[in-house]
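Some notes on the structure that comes next.
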Amino acid sequence: MRDLKVEAKQADNGIELQLVGELIFSDTKQFMTDIPIRVRDKGPCVILNLDKLKFIDSAGLGSILYVSEALRMQCQSLRIINANNIIKNLLSKIKGVGTFILED
């Protein structure tokens with residue numbers, strides 16, 4: 001992924017993915033295919049930590065929706081934590097469409 005780095009670490013009941021950089025159109029195809037495969041069988045909960053995500057565009061938002069649905073189909077939940085106010089506002093607008101939990 002060109003503008004995005006994903007760092008993984010074990011969490012209490014799953015895996016935490018730290019997104020670093022920007023989640024933009026050029027990275028979304030790889031993000032949508034890699035993440036569900038990468039976290040499969042890593043526990044029931046996948047946490048996206050966004051405290052180092054600087055920017056997300058509309059394609060990036062769509063890719064999070066896609067990943068949330070892919071994880072649901074794998075019997076995993078998606079929690080999103082540490083989003084800055086701008087990203088949190090964008091995610092809250094699409095929350096009703098996705099199957100993720102947005103934490104404050």
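Naming scheme: A, B, ... for chains in displayed order of the structure tokens; residues 1 onward per chain; ligands 1 onward as shown.
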Next item on the list: Show which residues sit within 7 Å of stretch 85-99 of chain A, as a PyMOL selection string. Count only C-alpha atoms, and ignore same-chain residues fewer than 5 positions away.
Entry: chain A and resi 65+68-69
Next item on the list: List every residue of chain A that DSSP, applied to the backbone of this structure, assigns to strand (DSSP E), and report them as a PyMOL selection string.
Entry: chain A and resi 4-11+14-23+45-56+77-81+100-102
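Considering only C-alpha atoms, the residue among A:Arg2, A:Lys42, A:Lys9, A:Lys29 positioned nearest to A:Cys75 is A:Lys42.
Counting from atom CA of A:Asp104, the distance to atom CA of A:Leu71 is 21.2 Å.
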Margin query: Considering only alpha helix (DSSP H) as DSSP defines it on the backbone, what residues of chain A qualify? List them as number ranges by chain.
Written below: A: 25-39, 58-73, 85-94
Since we have the selection now, will you write its residues out, keeping N, CA and C atoms, as a short mmCIF file (atom, residue, chain, number, x, y, z; two decimals), in the first residue's frame?
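Below you can see out.cif, which holds the result:
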data_model
loop_
_atom_site.label_atom_id
_atom_site.label_comp_id
_atom_site.auth_asym_id
_atom_site.auth_seq_id
_atom_site.Cartn_x
_atom_site.Cartn_y
_atom_site.Cartn_z
N PHE A 25 -8.02 6.33 -2.26
CA PHE A 25 -8.43 5.48 -3.38
C PHE A 25 -7.34 4.51 -3.83
N SER A 26 -6.12 4.99 -3.96
CA SER A 26 -5.05 4.14 -4.49
C SER A 26 -4.72 2.95 -3.59
N ASP A 27 -5.13 2.98 -2.33
CA ASP A 27 -4.85 1.89 -1.40
C ASP A 27 -6.05 1.00 -1.10
N THR A 28 -7.22 1.39 -1.56
CA THR A 28 -8.43 0.70 -1.09
C THR A 28 -8.54 -0.73 -1.59
N LYS A 29 -8.18 -1.01 -2.82
CA LYS A 29 -8.31 -2.38 -3.33
C LYS A 29 -7.48 -3.34 -2.51
N GLN A 30 -6.24 -2.98 -2.25
CA GLN A 30 -5.37 -3.85 -1.46
C GLN A 30 -5.86 -3.94 -0.01
N PHE A 31 -6.33 -2.81 0.56
CA PHE A 31 -6.85 -2.80 1.92
C PHE A 31 -8.03 -3.76 2.04
N MET A 32 -8.95 -3.71 1.07
CA MET A 32 -10.15 -4.55 1.14
C MET A 32 -9.84 -6.03 0.96
N THR A 33 -8.82 -6.36 0.21
CA THR A 33 -8.49 -7.77 0.03
C THR A 33 -7.56 -8.29 1.12
N ASP A 34 -6.61 -7.48 1.57
CA ASP A 34 -5.61 -7.95 2.54
C ASP A 34 -6.14 -8.07 3.96
N ILE A 35 -6.92 -7.10 4.40
CA ILE A 35 -7.31 -7.08 5.82
C ILE A 35 -8.13 -8.31 6.23
N PRO A 36 -9.20 -8.67 5.52
CA PRO A 36 -9.94 -9.86 5.96
C PRO A 36 -9.08 -11.13 5.99
N ILE A 37 -8.18 -11.28 5.04
CA ILE A 37 -7.30 -12.45 5.02
C ILE A 37 -6.31 -12.39 6.18
N ARG A 38 -5.76 -11.22 6.41
CA ARG A 38 -4.74 -11.04 7.45
C ARG A 38 -5.27 -11.31 8.86
N VAL A 39 -6.54 -11.02 9.11
CA VAL A 39 -7.08 -11.16 10.46
C VAL A 39 -7.88 -12.44 10.67
N SER A 58 -13.37 9.39 0.33
CA SER A 58 -14.62 8.65 0.24
C SER A 58 -14.39 7.19 -0.12
N ALA A 59 -13.39 6.90 -0.94
CA ALA A 59 -13.06 5.51 -1.27
C ALA A 59 -12.56 4.78 -0.02
N GLY A 60 -11.79 5.47 0.81
CA GLY A 60 -11.32 4.89 2.06
C GLY A 60 -12.48 4.56 2.99
N LEU A 61 -13.45 5.45 3.07
CA LEU A 61 -14.65 5.18 3.88
C LEU A 61 -15.37 3.95 3.36
N GLY A 62 -15.51 3.88 2.05
CA GLY A 62 -16.16 2.72 1.44
C GLY A 62 -15.41 1.43 1.72
N SER A 63 -14.09 1.51 1.74
CA SER A 63 -13.31 0.30 2.00
C SER A 63 -13.49 -0.17 3.44
N ILE A 64 -13.67 0.75 4.37
CA ILE A 64 -13.95 0.36 5.76
C ILE A 64 -15.32 -0.33 5.84
N LEU A 65 -16.30 0.17 5.10
CA LEU A 65 -17.61 -0.50 5.07
C LEU A 65 -17.47 -1.91 4.51
N TYR A 66 -16.72 -2.04 3.44
CA TYR A 66 -16.51 -3.35 2.82
C TYR A 66 -15.85 -4.30 3.82
N VAL A 67 -14.78 -3.84 4.46
CA VAL A 67 -14.06 -4.69 5.42
C VAL A 67 -14.97 -5.06 6.59
N SER A 68 -15.79 -4.13 7.07
CA SER A 68 -16.68 -4.44 8.19
C SER A 68 -17.64 -5.57 7.81
N GLU A 69 -18.13 -5.55 6.59
CA GLU A 69 -19.04 -6.60 6.14
C GLU A 69 -18.30 -7.92 5.93
N ALA A 70 -17.10 -7.87 5.37
CA ALA A 70 -16.29 -9.08 5.18
C ALA A 70 -15.98 -9.73 6.53
N LEU A 71 -15.66 -8.91 7.54
CA LEU A 71 -15.38 -9.45 8.86
C LEU A 71 -16.64 -10.05 9.49
N ARG A 72 -17.77 -9.40 9.29
CA ARG A 72 -19.03 -9.93 9.82
C ARG A 72 -19.28 -11.32 9.24
N MET A 73 -18.98 -11.49 7.96
CA MET A 73 -19.18 -12.78 7.31
C MET A 73 -18.19 -13.83 7.83
N ASN A 85 -11.34 13.98 15.24
CA ASN A 85 -12.71 14.51 15.14
C ASN A 85 -13.23 14.53 13.71
N ILE A 86 -12.39 14.86 12.75
CA ILE A 86 -12.84 14.91 11.35
C ILE A 86 -13.20 13.52 10.86
N ILE A 87 -12.32 12.56 11.10
CA ILE A 87 -12.58 11.19 10.65
C ILE A 87 -13.75 10.59 11.42
N LYS A 88 -13.84 10.86 12.71
CA LYS A 88 -14.96 10.36 13.52
C LYS A 88 -16.29 10.89 12.99
N ASN A 89 -16.32 12.16 12.60
CA ASN A 89 -17.52 12.75 12.04
C ASN A 89 -17.93 12.04 10.74
N LEU A 90 -16.95 11.79 9.87
CA LEU A 90 -17.23 11.08 8.62
C LEU A 90 -17.74 9.66 8.89
N LEU A 91 -17.07 8.95 9.79
CA LEU A 91 -17.49 7.59 10.11
C LEU A 91 -18.87 7.54 10.75
N SER A 92 -19.19 8.53 11.57
CA SER A 92 -20.50 8.54 12.21
C SER A 92 -21.62 8.70 11.18
N LYS A 93 -21.33 9.34 10.06
CA LYS A 93 -22.34 9.52 9.01
C LYS A 93 -22.64 8.23 8.27
N ILE A 94 -21.68 7.31 8.22
CA ILE A 94 -21.90 6.05 7.51
C ILE A 94 -22.12 4.87 8.46
#
Next item on the list: Select, from A:Asp51, A:Phe100, A:Gln76, A:Asp57, the residue with the minimum atom-to-atom distance to A:Gly14, counting only C-alpha atoms.
Entry: A:Gln76
Note to self: Neighbouring residues of A:Phe55 were defined as those with any atom within 10 Å, considering only C-alpha atoms; residues of the same chain fewer than 4 positions away were excluded. Please report them as a PyMOL selection string.
What the structure shows: chain A and resi 3-4+20-24+50+60+84+86-87
Notebook entry, point to check: Between atom CA of A:Lys52 and atom CA of A:Gln18, what is the spacing in Å?
Noted result: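 Computing the Euclidean distance for atom CA of A:Gln18 and atom CA of A:Lys52 yields 7.3 Å.
Take the candidates A:Leu53, A:Ile15, A:Cys45, A:Leu102 and check each one against A:Gln74 using only C-alpha atoms; the shortest distance goes to A:Cys45.
Across the structure, atom CA of A:Ala83 and atom CA of A:Ile101 are spaced 12.0 Å apart.
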